[in-house]
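Have a look at the structure below before the remarks.
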Amino acid sequence: TESLANSEMTPGEWLLQNFNPSFTAPPTRQYNELLQVAIPINRAFDVQWNPPGYPLLRASYLEPPYFDRNEDRDGYYTFDIQDGNIAGFVRKRSDGSVLQVFDEVEFISISDNVLMFNGNPNGIYLPGGGGYGTIIKAPSIASGNAGGNWVTESLANSEMTPGEWLLQNFNPSFTAPPTRQYNELLQVAIPINRAF
């Protein structure tokens, strides 16, 4: 089952479809374009967090995204594109169908390890702080529902857009633009578990 808020079918349509043999169901919402990223379901979470979410994001109580808790989750997350812009957050199921998780997203903070956004930031029923705080964990950190603290920056101060971050982290065919060139590096190798 799913909540009526998540359903693409009204109760009347359900009754007609199940108890009126002459009923023809209307087409479901069509997604013209999805961002070409595949975010594993164990990397996107609803969180309790500390607004504004930068320069330090503290995220705890990581749960499945708020409007995606009513079924066994499979497939992957991505974003729908409208008029060339990232609009909403969706889950593309293994059977090819698409579940709309959030109609609208507002990106808040970014780092190498996490991307933070509010889902449905202007909705009618808002939790404290507005919207549904959601993070996406990059492959550079462990997947799963462990909370954490990450040094982040606001999107206004970032040199990377959310779309670039998503493509860089979750689209294997994406080629990042060239970064700063270093003429000479100190010849040392510091293990990643030694730098904090």
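Numbering starts fresh at 1 for the residues of each chain in the structure tokens, the chains themselves are lettered A, B, ... in the order given, and ligands are numbered from 1 as they appear.
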
Could you pull out the residues in region 20-186 of chain A that DSSP calls alpha helix (DSSP H) from the backbone, as number ranges by chain?
A: 162-170

Can you list, as an MDAnalysis selection string, every protein, DNA or RNA residue that comes within 9 Å of region 153-155 of chain A when you count only C-alpha atoms, leaving out same-chain residues fewer than 5 positions away?
chainID A and resid 52:57 107:111 160:162

Residue subset to file, keeping C-alpha atoms, as a short mmCIF file (atom, residue, chain, number, x, y, z; two decimals), in the first residue's frame:
```
data_model
loop_
_atom_site.label_atom_id
_atom_site.label_comp_id
_atom_site.auth_asym_id
_atom_site.auth_seq_id
_atom_site.Cartn_x
_atom_site.Cartn_y
_atom_site.Cartn_z
CA PRO A 52 21.38 26.06 7.57
CA GLY A 53 23.48 22.92 6.96
CA TYR A 54 26.77 24.74 6.38
CA PRO A 55 29.62 25.24 7.16
CA LEU A 56 29.02 22.02 9.11
CA LEU A 57 26.18 19.64 8.32
CA PHE A 107 19.38 22.30 -2.78
CA ILE A 108 20.97 23.62 0.41
CA SER A 109 24.57 22.51 0.88
CA ILE A 110 27.29 20.53 -0.85
CA SER A 111 30.64 18.87 -0.16
CA MET A 160 29.97 22.98 -8.50
CA THR A 161 26.27 22.83 -9.29
CA PRO A 162 24.06 20.07 -7.85
#
```

Atom pair CA of Asp95 (chain A) / CA of Ile135 (chain A): separation (Å):
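These atoms are spaced 25.1 Å apart.
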
Given the choices A:Ser143, A:Glu106, A:Arg91, A:Asn149, which gets closest to Asn50 (chain A) if the distance is worked out from only C-alpha atoms?
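For Asn50 (chain A), the nearest of the candidates is A:Asn149.
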
Could you check which of A:Val90, A:Ala156, A:Leu34, A:Leu167 is closest to Phe67 (chain A), using only C-alpha atoms?
A:Val90

Using only C-alpha atoms, find the one residue out of A:Arg43, A:Arg58, A:Arg69, A:Lys92 that sits nearest to Gly148 (chain A).
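Selected residue with least distance to Gly148 (chain A): A:Arg58.
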
Go ahead and compute the interatomic distance for CA of Gly133 (chain A) and CA of Asp72 (chain A), in Å to one decimal.
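Value for the CA of Gly133 (chain A)-CA of Asp72 (chain A) distance: 21.4 Å.
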
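Between CA of Thr134 (chain A) and CA of Pro51 (chain A) the separation is 12.1 Å.
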
Pick out the residues sitting within 9 Å of Val47 (chain A), and hand them over as a VMD selection string; count only C-alpha atoms, and ignore anything fewer than 4 positions along from it in its own chain.
chain A and resid 59 to 65 132 to 135 147

12 Å contact set for Gly131 (chain A), only C-alpha atoms, chain neighbours under 5 positions out, as a CSV table (one decimal) with N, CA and C atoms, in the first residue's frame:
```csv
chain,number,residue,atom,x,y,z
A,46,ASP,N,16.2,10.6,4.3
A,46,ASP,CA,15.6,11.7,5.1
A,46,ASP,C,16.4,11.8,6.4
A,47,VAL,N,16.7,13.0,6.8
A,47,VAL,CA,17.5,13.2,8.0
A,47,VAL,C,17.0,14.3,9.0
A,48,GLN,N,17.4,14.2,10.2
A,48,GLN,CA,17.3,15.3,11.1
A,48,GLN,C,18.6,16.1,11.0
A,49,TRP,N,18.6,17.4,10.8
A,49,TRP,CA,19.8,18.1,10.5
A,49,TRP,C,19.8,19.5,11.2
A,51,PRO,N,19.9,23.2,10.4
A,51,PRO,CA,19.8,24.3,9.5
A,51,PRO,C,20.8,25.4,9.9
A,65,PRO,N,13.8,8.2,2.3
A,65,PRO,CA,13.1,9.5,2.0
A,65,PRO,C,11.6,9.4,2.4
A,66,TYR,N,11.1,10.6,3.0
A,66,TYR,CA,9.9,10.6,3.7
A,66,TYR,C,8.7,10.0,2.9
A,67,PHE,N,8.6,10.3,1.6
A,67,PHE,CA,7.4,9.8,0.9
A,67,PHE,C,7.8,8.5,0.1
A,102,PHE,N,9.4,13.5,-4.2
A,102,PHE,CA,9.2,14.9,-3.9
A,102,PHE,C,8.9,15.7,-5.3
A,103,ASP,N,7.9,16.5,-5.3
A,103,ASP,CA,7.5,17.3,-6.5
A,103,ASP,C,8.5,18.4,-6.7
A,104,GLU,N,9.2,18.8,-5.7
A,104,GLU,CA,10.1,20.0,-5.8
A,104,GLU,C,11.2,19.8,-4.9
A,105,VAL,N,12.4,20.2,-5.2
A,105,VAL,CA,13.6,20.1,-4.4
A,105,VAL,C,14.3,21.5,-4.3
A,106,GLU,N,14.9,21.8,-3.2
A,106,GLU,CA,15.6,23.0,-3.0
A,106,GLU,C,17.0,22.6,-2.4
A,107,PHE,N,18.1,22.7,-3.2
A,107,PHE,CA,19.4,22.3,-2.8
A,107,PHE,C,19.9,23.3,-1.8
A,108,ILE,N,20.6,22.8,-0.7
A,108,ILE,CA,21.0,23.6,0.4
A,108,ILE,C,22.5,23.7,0.6
A,116,MET,N,23.0,18.0,0.1
A,116,MET,CA,21.8,18.2,1.0
A,116,MET,C,20.7,19.0,0.3
A,117,PHE,N,19.5,18.5,0.4
A,117,PHE,CA,18.4,19.3,-0.2
A,117,PHE,C,17.1,19.1,0.7
A,118,ASN,N,16.2,20.1,0.5
A,118,ASN,CA,14.9,20.0,1.1
A,118,ASN,C,13.9,19.5,0.1
A,119,GLY,N,13.2,18.4,0.4
A,119,GLY,CA,12.1,18.0,-0.5
A,119,GLY,C,10.8,18.7,-0.2
A,120,ASN,N,10.1,19.1,-1.2
A,120,ASN,CA,8.8,19.8,-1.1
A,120,ASN,C,9.0,21.0,-0.1
A,121,PRO,N,9.9,21.9,-0.3
A,121,PRO,CA,10.2,23.0,0.6
A,121,PRO,C,9.0,23.9,0.8
A,122,ASN,N,8.1,23.9,-0.1
A,122,ASN,CA,7.0,24.9,0.0
A,122,ASN,C,5.6,24.2,0.1
A,123,GLY,N,5.7,22.9,0.6
A,123,GLY,CA,4.4,22.1,0.7
A,123,GLY,C,3.5,22.6,1.8
A,124,ILE,N,2.3,22.1,1.8
A,124,ILE,CA,1.3,22.5,2.8
A,124,ILE,C,1.6,22.0,4.1
A,125,TYR,N,2.0,20.8,4.3
A,125,TYR,CA,2.3,20.2,5.6
A,125,TYR,C,3.9,20.1,5.7
A,126,LEU,N,4.4,21.0,6.4
A,126,LEU,CA,5.9,21.1,6.5
A,126,LEU,C,6.3,20.8,7.9
```

Residue contacts of Ile192 (chain A) (12 Å, only C-alpha atoms) excluding same-chain residues fewer than 3 positions away, as a list of chain:residue names
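In the requested form, the answer reads A:Ser140, A:Ile141, A:Ala189, A:Ala195, A:Phe196.
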
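If only C-alpha atoms are the atoms counted, then among A:Ile39, A:Leu166, A:Val151, A:Ala146 the closest residue to Arg93 (chain A) is A:Ile39.
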
Which residue of A:Lys137, A:Asp80, A:Pro191, A:Phe89 approaches Ala44 (chain A) most closely, using only C-alpha atoms:
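Under the stated criterion, the closest residue is A:Lys137.
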
Report the residues of region 30-120 of chain A whose backbone DSSP state falls under strand (DSSP E or B), written as a PyMOL selection string.
chain A and resi 34+39-40+44-49+56-63+76-82+85-92+98-102+105-110+114-119

Selection from above, N, CA and C atoms, as a CSV table (one decimal), in the first residue's frame, can you write it?
```
chain,number,residue,atom,x,y,z
A,34,LEU,N,14.5,12.3,-17.2
A,34,LEU,CA,15.1,12.0,-15.9
A,34,LEU,C,16.6,12.3,-16.0
A,39,ILE,N,21.2,6.8,-8.4
A,39,ILE,CA,21.6,6.9,-7.0
A,39,ILE,C,21.1,5.6,-6.2
A,40,PRO,N,22.0,4.8,-5.8
A,40,PRO,CA,21.5,3.6,-5.0
A,40,PRO,C,20.6,4.0,-3.9
A,44,ALA,N,20.5,7.6,-0.2
A,44,ALA,CA,19.6,8.7,-0.1
A,44,ALA,C,18.8,8.6,1.1
A,45,PHE,N,18.7,9.6,2.0
A,45,PHE,CA,18.0,9.5,3.3
A,45,PHE,C,17.4,10.8,3.7
A,46,ASP,N,16.2,10.6,4.3
A,46,ASP,CA,15.6,11.7,5.1
A,46,ASP,C,16.4,11.8,6.4
A,47,VAL,N,16.7,13.0,6.8
A,47,VAL,CA,17.5,13.2,8.0
A,47,VAL,C,17.0,14.3,9.0
A,48,GLN,N,17.4,14.2,10.2
A,48,GLN,CA,17.3,15.3,11.1
A,48,GLN,C,18.6,16.1,11.0
A,49,TRP,N,18.6,17.4,10.8
A,49,TRP,CA,19.8,18.1,10.5
A,49,TRP,C,19.8,19.5,11.2
A,56,LEU,N,29.0,23.4,8.6
A,56,LEU,CA,29.0,22.0,9.1
A,56,LEU,C,27.6,21.4,9.1
A,57,LEU,N,27.5,20.3,8.4
A,57,LEU,CA,26.2,19.6,8.3
A,57,LEU,C,26.2,18.5,9.3
A,58,ARG,N,25.3,18.5,10.2
A,58,ARG,CA,25.1,17.4,11.2
A,58,ARG,C,23.8,16.6,10.8
A,59,ALA,N,24.0,15.4,10.5
A,59,ALA,CA,22.8,14.6,10.0
A,59,ALA,C,22.7,13.4,10.9
A,60,SER,N,21.5,13.2,11.4
A,60,SER,CA,21.2,12.0,12.3
A,60,SER,C,19.8,11.4,11.9
A,61,TYR,N,19.6,10.3,12.5
A,61,TYR,CA,18.3,9.6,12.3
A,61,TYR,C,18.0,9.4,10.8
A,62,LEU,N,18.9,8.8,10.1
A,62,LEU,CA,18.7,8.6,8.7
A,62,LEU,C,17.7,7.5,8.4
A,63,GLU,N,16.7,7.9,7.6
A,63,GLU,CA,15.6,7.0,7.3
A,63,GLU,C,15.4,7.1,5.8
A,76,TYR,N,16.5,2.6,-8.2
A,76,TYR,CA,17.4,3.7,-7.8
A,76,TYR,C,16.7,5.0,-7.8
A,77,TYR,N,17.4,6.0,-7.2
A,77,TYR,CA,16.8,7.4,-7.1
A,77,TYR,C,17.5,8.2,-8.2
A,78,THR,N,16.7,9.2,-8.7
A,78,THR,CA,17.2,10.2,-9.6
A,78,THR,C,16.3,11.4,-9.5
A,79,PHE,N,16.4,12.3,-10.4
A,79,PHE,CA,15.7,13.5,-10.4
A,79,PHE,C,15.0,13.7,-11.7
A,80,ASP,N,13.7,14.3,-11.7
A,80,ASP,CA,13.1,14.6,-12.9
A,80,ASP,C,13.5,16.0,-13.4
A,81,ILE,N,13.5,16.2,-14.7
A,81,ILE,CA,13.9,17.4,-15.3
A,81,ILE,C,12.7,18.1,-15.9
A,82,GLN,N,12.5,19.4,-15.6
A,82,GLN,CA,11.4,20.1,-16.2
A,82,GLN,C,12.0,21.4,-16.7
A,85,ASN,N,15.7,22.1,-16.0
A,85,ASN,CA,16.1,22.2,-14.6
A,85,ASN,C,15.7,21.0,-13.8
A,86,ILE,N,16.5,20.7,-12.7
A,86,ILE,CA,16.2,19.7,-11.8
A,86,ILE,C,14.9,20.1,-11.1
A,87,ALA,N,13.9,19.3,-11.1
A,87,ALA,CA,12.6,19.7,-10.5
A,87,ALA,C,12.3,18.9,-9.3
A,88,GLY,N,12.1,17.6,-9.4
A,88,GLY,CA,11.7,16.7,-8.3
A,88,GLY,C,12.6,15.5,-8.1
A,89,PHE,N,12.4,14.8,-7.1
A,89,PHE,CA,13.1,13.6,-6.7
A,89,PHE,C,12.3,12.4,-6.9
A,90,VAL,N,12.8,11.4,-7.6
A,90,VAL,CA,12.0,10.2,-7.9
A,90,VAL,C,12.8,9.0,-7.7
A,91,ARG,N,12.0,7.9,-7.6
A,91,ARG,CA,12.7,6.5,-7.6
A,91,ARG,C,12.2,5.8,-8.8
A,92,LYS,N,13.1,5.4,-9.6
A,92,LYS,CA,12.8,4.5,-10.8
A,92,LYS,C,12.9,3.1,-10.3
A,98,VAL,N,7.9,4.8,-12.3
A,98,VAL,CA,8.6,5.9,-11.5
A,98,VAL,C,7.7,6.3,-10.4
A,99,LEU,N,8.3,6.4,-9.2
A,99,LEU,CA,7.5,6.9,-8.0
A,99,LEU,C,8.0,8.3,-7.7
A,100,GLN,N,7.1,9.2,-7.7
A,100,GLN,CA,7.4,10.6,-7.4
A,100,GLN,C,7.6,10.7,-5.9
A,101,VAL,N,8.8,11.0,-5.4
A,101,VAL,CA,9.1,11.1,-4.0
A,101,VAL,C,8.8,12.6,-3.5
A,102,PHE,N,9.4,13.5,-4.2
A,102,PHE,CA,9.2,14.9,-3.9
A,102,PHE,C,8.9,15.7,-5.3
A,105,VAL,N,12.4,20.2,-5.2
A,105,VAL,CA,13.6,20.1,-4.4
A,105,VAL,C,14.3,21.5,-4.3
A,106,GLU,N,14.9,21.8,-3.2
A,106,GLU,CA,15.6,23.0,-3.0
A,106,GLU,C,17.0,22.6,-2.4
A,107,PHE,N,18.1,22.7,-3.2
A,107,PHE,CA,19.4,22.3,-2.8
A,107,PHE,C,19.9,23.3,-1.8
A,108,ILE,N,20.6,22.8,-0.7
A,108,ILE,CA,21.0,23.6,0.4
A,108,ILE,C,22.5,23.7,0.6
A,109,SER,N,23.1,22.5,0.6
A,109,SER,CA,24.6,22.5,0.9
A,109,SER,C,25.2,21.4,0.1
A,110,ILE,N,26.5,21.5,0.0
A,110,ILE,CA,27.3,20.5,-0.8
A,110,ILE,C,28.7,20.3,-0.3
A,114,VAL,N,28.7,14.7,0.5
A,114,VAL,CA,27.2,14.8,0.6
A,114,VAL,C,26.6,15.9,-0.2
A,115,LEU,N,25.4,15.7,-0.6
A,115,LEU,CA,24.6,16.8,-1.2
A,115,LEU,C,23.3,16.8,-0.4
A,116,MET,N,23.0,18.0,0.1
A,116,MET,CA,21.8,18.2,1.0
A,116,MET,C,20.7,19.0,0.3
A,117,PHE,N,19.5,18.5,0.4
A,117,PHE,CA,18.4,19.3,-0.2
A,117,PHE,C,17.1,19.1,0.7
A,118,ASN,N,16.2,20.1,0.5
A,118,ASN,CA,14.9,20.0,1.1
A,118,ASN,C,13.9,19.5,0.1
A,119,GLY,N,13.2,18.4,0.4
A,119,GLY,CA,12.1,18.0,-0.5
A,119,GLY,C,10.8,18.7,-0.2
```
